[in-house]
Amino acid sequence: MTHPFLDLAPLTAARFAAIERRVAGLLDTEQDVVIMQGEALLPLEGCIRGGARPGSAALNIVTGPYGQTFGDWLRDCGADVVDLSVPFHSAVTAEQVERALAEHPEIDFVSLVHAEAATGNTNPVAGIGEVVRAHGALFMVDAVASVGAEPLLPDAWGVDLCVIGAQKAMGGPAGVSMVSVSPRAWERMASNPQAPRRSYLSLLDWKARWIDGGRRALPHAPAQLEMLALDACLERIEADGLDMVMARHASAAAATRAGATALGGGLEPYVHEARDAAPVATTLRTPAGVDASELVAHALAADPALPLVAGGGRLSKEMIRVNHYGVDATRETVLASLAALGAALTDAGRTPDLDAARAAVGETWPNS
Ligand SMILES: *Cc1c(COP(=O)(O)O)cnc(C)c1O
């Protein structure tokens, strides 16, 4: 008897290439797609170490914790880094990016996180792409938390390095990740003597050993189970329709925002403007005197399956994340999350209005 996870036939080069084409279809891109055999931090670090070097100058846009990590890597590479930071309850604007580029004409690399699942905001990549392209810098975008939840068009938006992972809105595996690479990005890495080569971080190795050879022989044994799971998740998105998957995430975010506002009890949306709120996850601010991690622990004690988590680091006291992505982008999960938070707030001595929250969810996301 064969085991469903074991005893599998090897993943062929043809199958691997077919999965790459499926990813390219999802992103509507003509660029090369590389499927890196590790979690999304692998291509993110690979892109930065491939694009930056001593003497280069980078604009690092910080709208959440991932942007902070990118700045550290850029500095490691010896690049001069200009950090453009905005409060985590907002988004950066194309005008702010345009001004930073005008003040620093030497900038040749721009890094941006599209949606921040950790802080619940999303940035206007299309408009930022226009000003980055006009300036001539290479544009890297971390779209791990936006892909599948909101429109993402690397070619139309002038993104040179677009990194995605399947573990959020795509509802897929976390162990492999994808990056689309423009011809300009390949040129930049090829001309960078510091770009990783003969390394697990190297995108250039994939180009030399896989793409340029016509995708006929895989350089190493692939992460077979993760690749099969990625293929299955792409197939499911194609069957449901990408527009439908994105619409579910948009509705989950709108309903959570409206429901939490109606719930009250001191809870409010963390991201001030609805247009800056990410469809992938909704962040909420707890009232003064209510510790977010304690409130979440209390809510999860009643229902451990709910996608609730307190903010990371110093945000753990004041931020709750409702991770309504993938299988959790449903009306039922939104309602159950709000009910659990309402019960926990009541136990904390607050007076939330669960009927009002239910009504607000019903209005925002009618039961079709
Ligand atoms: C989730 C996410 C990643 C992937 O990182 P994990 O720490 O493995 O979750 C990368 N970038 C962004 C913006 C994310 O939201």
# chains A, B, ... in the order shown; residues from 1 in each chain; ligands from 1
>>> residues_around(residues="range 177-186 of chain A", least_positions_apart="3", cutoff="6 Å", atoms="only C-alpha atoms", output="PyMOL selection string")
chain A and resi 31-36+39-40+160-165+189
>>> select_by_dssp(residues="range 24-196 of chain A", states="alpha helix (DSSP H)", output="number ranges by chain")
A: 24-27, 41-51, 65-76, 94-103, 125-135, 154-157, 183-190
>>> atom_distance(atom1="CA of Ser293 in chain A", atom2="CA of Leu345 in chain A")
12.4 Å
>>> residues_near_ligand(ligand="ligand 1", cutoff="9 Å", atoms="only C-alpha atoms and all ligand atoms", output="list in words")
Glu39, Ala40, Leu41, Leu44, Gly64, Pro65, Tyr66, Gly67, Val113, His114, Ala115, Glu116, Ala117, Ala118, Thr119, Gly120, Asp142, Ala143, Val144, Ala145, Ser146, Val163, Ile164, Gly165, Gln167, Lys168, Ala174, Gly175 and Val280 of chain A
>>> select_by_dssp(residues="range 99-336 of chain A", states="strand (DSSP E)", output="count of residues only")
37
>>> atom_distance(atom1="CA of Glu318 in chain A", atom2="CA of Gln96 in chain A")
27.5 Å
>>> atom_distance(atom1="CA of Gly38 in chain A", atom2="CA of Pro222 in chain A")
10.1 Å
>>> residues_around(residues="Val86 in chain A", least_positions_apart="6", cutoff="9 Å", atoms="only C-alpha atoms", output="ChimeraX atom specification")
/A:61-64,92
>>> residues_around(residues="range 70-75 of chain A", least_positions_apart="2", cutoff="12 Å", atoms="only C-alpha atoms", output="number ranges by chain")
A: 41, 43-68, 77-85, 109-113, 140-142
>>> residues_around(residues="Trp206 in chain A", least_positions_apart="3", cutoff="10 Å", atoms="only C-alpha atoms", output="mmCIF file with C-alpha atoms, in the first residue's frame")
data_model
loop_
_atom_site.group_PDB
_atom_site.id
_atom_site.type_symbol
_atom_site.label_atom_id
_atom_site.label_comp_id
_atom_site.auth_asym_id
_atom_site.auth_seq_id
_atom_site.Cartn_x
_atom_site.Cartn_y
_atom_site.Cartn_z
ATOM 1 C CA VAL A 34 11.173 31.448 -10.142
ATOM 2 C CA ILE A 35 9.727 29.129 -7.491
ATOM 3 C CA MET A 36 12.182 29.263 -4.604
ATOM 4 C CA ARG A 197 26.000 32.934 -6.574
ATOM 5 C CA ARG A 198 26.402 29.216 -5.792
ATOM 6 C CA TYR A 200 20.595 28.966 -1.694
ATOM 7 C CA LEU A 201 19.775 32.714 -1.837
ATOM 8 C CA SER A 202 20.769 32.985 -5.488
ATOM 9 C CA LEU A 203 18.235 33.872 -8.158
ATOM 10 C CA ARG A 209 20.954 26.317 -14.204
ATOM 11 C CA TRP A 210 17.227 26.139 -14.937
ATOM 12 C CA ILE A 211 15.806 28.962 -17.075
ATOM 13 C CA ASP A 212 18.673 29.405 -19.545
ATOM 14 C CA GLY A 213 18.865 25.637 -20.009
ATOM 15 C CA ARG A 215 13.811 24.326 -17.963
ATOM 16 C CA LEU A 218 16.013 20.713 -12.108
ATOM 17 C CA PRO A 219 19.151 21.810 -10.257
#
>>> closest_residue(among="A:Gly342, A:Gly136, A:Pro366, A:Pro279", to="Gly265 in chain A", atoms="only C-alpha atoms")
A:Gly342
>>> closest_residue(among="A:Ala299, A:Ala292, A:Leu8, A:Ala195", to="Arg314 in chain A", atoms="only C-alpha atoms")
A:Ala292
>>> closest_residue(among="A:Pro87, A:Gly264, A:Gly214, A:Gly127", to="Leu153 in chain A", atoms="only C-alpha atoms")
A:Gly127
>>> residues_around(residues="Leu335 in chain A", least_positions_apart="3", cutoff="8 Å", atoms="only C-alpha atoms", output="PyMOL selection string")
chain A and resi 331-332+338-339+358+361
>>> write_last_selection(atoms="all heavy atoms", output="PDB file, in the first residue's frame")
ATOM      1  N   ARG A 331     -18.088  34.608   5.902  1.00  0.00           N
ATOM      2  CA  ARG A 331     -18.989  35.363   6.752  1.00  0.00           C
ATOM      3  C   ARG A 331     -19.086  34.725   8.149  1.00  0.00           C
ATOM      4  O   ARG A 331     -19.106  35.414   9.164  1.00  0.00           O
ATOM      5  CB  ARG A 331     -20.360  35.305   6.085  1.00  0.00           C
ATOM      6  CG  ARG A 331     -21.186  36.519   6.158  1.00  0.00           C
ATOM      7  CD  ARG A 331     -22.360  36.363   5.183  1.00  0.00           C
ATOM      8  NE  ARG A 331     -23.389  37.276   5.613  1.00  0.00           N
ATOM      9  CZ  ARG A 331     -24.229  37.004   6.588  1.00  0.00           C
ATOM     10  NH1 ARG A 331     -24.197  35.838   7.192  1.00  0.00           N
ATOM     11  NH2 ARG A 331     -25.103  37.912   6.960  1.00  0.00           N
ATOM     12  N   GLU A 332     -19.137  33.387   8.161  1.00  0.00           N
ATOM     13  CA  GLU A 332     -19.272  32.653   9.429  1.00  0.00           C
ATOM     14  C   GLU A 332     -18.072  32.926  10.323  1.00  0.00           C
ATOM     15  O   GLU A 332     -18.230  33.144  11.526  1.00  0.00           O
ATOM     16  CB  GLU A 332     -19.375  31.140   9.161  1.00  0.00           C
ATOM     17  CG  GLU A 332     -20.642  30.689   8.448  1.00  0.00           C
ATOM     18  CD  GLU A 332     -20.760  31.203   7.012  1.00  0.00           C
ATOM     19  OE1 GLU A 332     -19.727  31.278   6.308  1.00  0.00           O
ATOM     20  OE2 GLU A 332     -21.878  31.576   6.600  1.00  0.00           O
ATOM     21  N   LEU A 338     -16.098  38.036  15.773  1.00  0.00           N
ATOM     22  CA  LEU A 338     -16.659  39.194  16.475  1.00  0.00           C
ATOM     23  C   LEU A 338     -17.409  38.752  17.738  1.00  0.00           C
ATOM     24  O   LEU A 338     -17.333  39.426  18.787  1.00  0.00           O
ATOM     25  CB  LEU A 338     -17.585  39.978  15.537  1.00  0.00           C
ATOM     26  CG  LEU A 338     -16.874  40.692  14.377  1.00  0.00           C
ATOM     27  CD1 LEU A 338     -17.888  41.194  13.347  1.00  0.00           C
ATOM     28  CD2 LEU A 338     -16.021  41.861  14.892  1.00  0.00           C
ATOM     29  N   ALA A 339     -18.113  37.633  17.661  1.00  0.00           N
ATOM     30  CA  ALA A 339     -18.850  37.132  18.831  1.00  0.00           C
ATOM     31  C   ALA A 339     -17.875  36.789  19.960  1.00  0.00           C
ATOM     32  O   ALA A 339     -18.111  37.123  21.132  1.00  0.00           O
ATOM     33  CB  ALA A 339     -19.683  35.906  18.442  1.00  0.00           C
ATOM     34  N   ARG A 358     -23.663  42.101  14.516  1.00  0.00           N
ATOM     35  CA  ARG A 358     -24.260  41.138  13.572  1.00  0.00           C
ATOM     36  C   ARG A 358     -25.001  41.863  12.452  1.00  0.00           C
ATOM     37  O   ARG A 358     -24.884  41.502  11.280  1.00  0.00           O
ATOM     38  CB  ARG A 358     -25.251  40.227  14.310  1.00  0.00           C
ATOM     39  CG  ARG A 358     -24.613  38.998  14.876  1.00  0.00           C
ATOM     40  CD  ARG A 358     -25.653  37.903  15.180  1.00  0.00           C
ATOM     41  NE  ARG A 358     -25.186  37.139  16.324  1.00  0.00           N
ATOM     42  CZ  ARG A 358     -25.541  37.368  17.586  1.00  0.00           C
ATOM     43  NH1 ARG A 358     -26.422  38.311  17.873  1.00  0.00           N
ATOM     44  NH2 ARG A 358     -25.022  36.651  18.558  1.00  0.00           N
ATOM     45  N   VAL A 361     -22.518  43.380  10.002  1.00  0.00           N
ATOM     46  CA  VAL A 361     -21.940  42.361   9.113  1.00  0.00           C
ATOM     47  C   VAL A 361     -22.965  41.983   8.044  1.00  0.00           C
ATOM     48  O   VAL A 361     -22.636  41.882   6.849  1.00  0.00           O
ATOM     49  CB  VAL A 361     -21.495  41.110   9.909  1.00  0.00           C
ATOM     50  CG1 VAL A 361     -21.127  39.956   8.970  1.00  0.00           C
ATOM     51  CG2 VAL A 361     -20.319  41.447  10.820  1.00  0.00           C
TER      52      VAL A 361
END
>>> closest_atom_pairs(of="range 155-252 of chain A", to="range 128-135 of chain A", cutoff="10 Å", atoms="only C-alpha atoms", output="JSON lines")
{"residue": "A:Ala156", "atom": "CA", "partner": "A:Gly129", "partner_atom": "CA", "distance": 9.0}
{"residue": "A:Trp157", "atom": "CA", "partner": "A:Gly129", "partner_atom": "CA", "distance": 5.4}
{"residue": "A:Gly158", "atom": "CA", "partner": "A:Gly129", "partner_atom": "CA", "distance": 5.4}
{"residue": "A:Val159", "atom": "CA", "partner": "A:Gly129", "partner_atom": "CA", "distance": 6.6}
{"residue": "A:Asp160", "atom": "CA", "partner": "A:Gly129", "partner_atom": "CA", "distance": 9.6}
>>> write_last_selection(atoms="all heavy atoms", output="PDB file, in the first residue's frame")
ATOM      1  N   ALA A 156       1.946  45.474 -15.357  1.00  0.00           N
ATOM      2  CA  ALA A 156       1.253  46.740 -15.588  1.00  0.00           C
ATOM      3  C   ALA A 156       1.743  47.814 -14.620  1.00  0.00           C
ATOM      4  O   ALA A 156       1.731  49.003 -14.953  1.00  0.00           O
ATOM      5  CB  ALA A 156      -0.250  46.539 -15.435  1.00  0.00           C
ATOM      6  N   TRP A 157       2.194  47.417 -13.446  1.00  0.00           N
ATOM      7  CA  TRP A 157       2.585  48.386 -12.419  1.00  0.00           C
ATOM      8  C   TRP A 157       4.090  48.656 -12.376  1.00  0.00           C
ATOM      9  O   TRP A 157       4.569  49.409 -11.525  1.00  0.00           O
ATOM     10  CB  TRP A 157       2.130  47.903 -11.036  1.00  0.00           C
ATOM     11  CG  TRP A 157       0.639  47.793 -10.887  1.00  0.00           C
ATOM     12  CD1 TRP A 157      -0.325  48.244 -11.758  1.00  0.00           C
ATOM     13  CD2 TRP A 157      -0.078  47.192  -9.792  1.00  0.00           C
ATOM     14  NE1 TRP A 157      -1.582  47.955 -11.275  1.00  0.00           N
ATOM     15  CE2 TRP A 157      -1.460  47.314 -10.077  1.00  0.00           C
ATOM     16  CE3 TRP A 157       0.318  46.561  -8.604  1.00  0.00           C
ATOM     17  CZ2 TRP A 157      -2.448  46.833  -9.210  1.00  0.00           C
ATOM     18  CZ3 TRP A 157      -0.668  46.079  -7.739  1.00  0.00           C
ATOM     19  CH2 TRP A 157      -2.033  46.218  -8.041  1.00  0.00           C
ATOM     20  N   GLY A 158       4.853  48.029 -13.277  1.00  0.00           N
ATOM     21  CA  GLY A 158       6.290  48.297 -13.321  1.00  0.00           C
ATOM     22  C   GLY A 158       7.069  47.713 -12.149  1.00  0.00           C
ATOM     23  O   GLY A 158       8.061  48.285 -11.708  1.00  0.00           O
ATOM     24  N   VAL A 159       6.622  46.559 -11.642  1.00  0.00           N
ATOM     25  CA  VAL A 159       7.348  45.900 -10.546  1.00  0.00           C
ATOM     26  C   VAL A 159       8.425  44.994 -11.155  1.00  0.00           C
ATOM     27  O   VAL A 159       8.123  44.154 -11.996  1.00  0.00           O
ATOM     28  CB  VAL A 159       6.391  45.078  -9.663  1.00  0.00           C
ATOM     29  CG1 VAL A 159       7.154  44.397  -8.534  1.00  0.00           C
ATOM     30  CG2 VAL A 159       5.280  45.967  -9.109  1.00  0.00           C
ATOM     31  N   ASP A 160       9.684  45.185 -10.739  1.00  0.00           N
ATOM     32  CA  ASP A 160      10.789  44.394 -11.294  1.00  0.00           C
ATOM     33  C   ASP A 160      10.982  43.078 -10.558  1.00  0.00           C
ATOM     34  O   ASP A 160      11.445  42.100 -11.139  1.00  0.00           O
ATOM     35  CB  ASP A 160      12.089  45.202 -11.212  1.00  0.00           C
ATOM     36  CG  ASP A 160      12.037  46.429 -12.108  1.00  0.00           C
ATOM     37  OD1 ASP A 160      11.964  46.244 -13.339  1.00  0.00           O
ATOM     38  OD2 ASP A 160      12.046  47.563 -11.581  1.00  0.00           O
TER      39      ASP A 160
END
>>> residues_around(residues="Ala223 in chain A", least_positions_apart="3", cutoff="9 Å", atoms="only C-alpha atoms", output="list in words")
Leu11, Gln37, Gly38, Gly175, Val176, Glu226, Met227 and Leu228 of chain A
>>> write_last_selection(atoms="all heavy atoms", output="compact mmCIF listing (two decimals), in the first residue's frame")
# COMPACT_ATOMS: atom_id res chain seq x y z
N LEU A 11 8.89 14.54 -8.76
CA LEU A 11 8.28 15.67 -9.48
C LEU A 11 9.15 15.97 -10.70
O LEU A 11 10.34 16.25 -10.56
CB LEU A 11 8.22 16.89 -8.55
CG LEU A 11 7.39 18.05 -9.07
CD1 LEU A 11 5.92 17.86 -8.72
CD2 LEU A 11 7.88 19.36 -8.47
N GLN A 37 12.66 27.33 -3.22
CA GLN A 37 12.31 26.16 -2.42
C GLN A 37 12.46 26.45 -0.93
O GLN A 37 13.21 25.81 -0.20
CB GLN A 37 13.17 24.98 -2.86
CG GLN A 37 13.02 24.67 -4.35
CD GLN A 37 11.61 24.21 -4.71
OE1 GLN A 37 11.23 23.11 -4.34
NE2 GLN A 37 10.85 25.05 -5.40
N GLY A 38 11.72 27.46 -0.49
CA GLY A 38 11.71 27.82 0.92
C GLY A 38 10.62 28.87 1.14
O GLY A 38 9.99 29.33 0.18
N GLY A 175 5.82 26.51 2.39
CA GLY A 175 7.21 26.06 2.27
C GLY A 175 7.90 26.33 0.96
O GLY A 175 9.10 26.09 0.83
N VAL A 176 7.16 26.81 -0.07
CA VAL A 176 7.82 27.30 -1.28
C VAL A 176 7.27 28.69 -1.55
O VAL A 176 6.24 29.08 -0.99
CB VAL A 176 7.56 26.38 -2.51
CG1 VAL A 176 8.29 25.07 -2.37
CG2 VAL A 176 6.07 26.18 -2.76
N GLU A 226 5.38 20.32 -1.14
CA GLU A 226 4.98 21.73 -1.19
C GLU A 226 4.61 22.13 -2.62
O GLU A 226 3.69 22.90 -2.84
CB GLU A 226 6.12 22.62 -0.69
CG GLU A 226 6.56 22.32 0.74
CD GLU A 226 5.61 22.88 1.78
OE1 GLU A 226 4.95 23.89 1.52
OE2 GLU A 226 5.52 22.28 2.86
N MET A 227 5.36 21.61 -3.60
CA MET A 227 5.06 21.93 -5.00
C MET A 227 3.70 21.35 -5.40
O MET A 227 2.93 22.01 -6.10
CB MET A 227 6.16 21.39 -5.92
CG MET A 227 7.50 22.09 -5.79
SD MET A 227 7.46 23.86 -6.22
CE MET A 227 7.10 23.79 -7.98
N LEU A 228 3.40 20.14 -4.95
CA LEU A 228 2.10 19.54 -5.26
C LEU A 228 0.97 20.34 -4.59
O LEU A 228 -0.08 20.57 -5.18
CB LEU A 228 2.06 18.08 -4.80
CG LEU A 228 2.99 17.12 -5.56
CD1 LEU A 228 2.95 15.73 -4.94
CD2 LEU A 228 2.63 17.05 -7.04
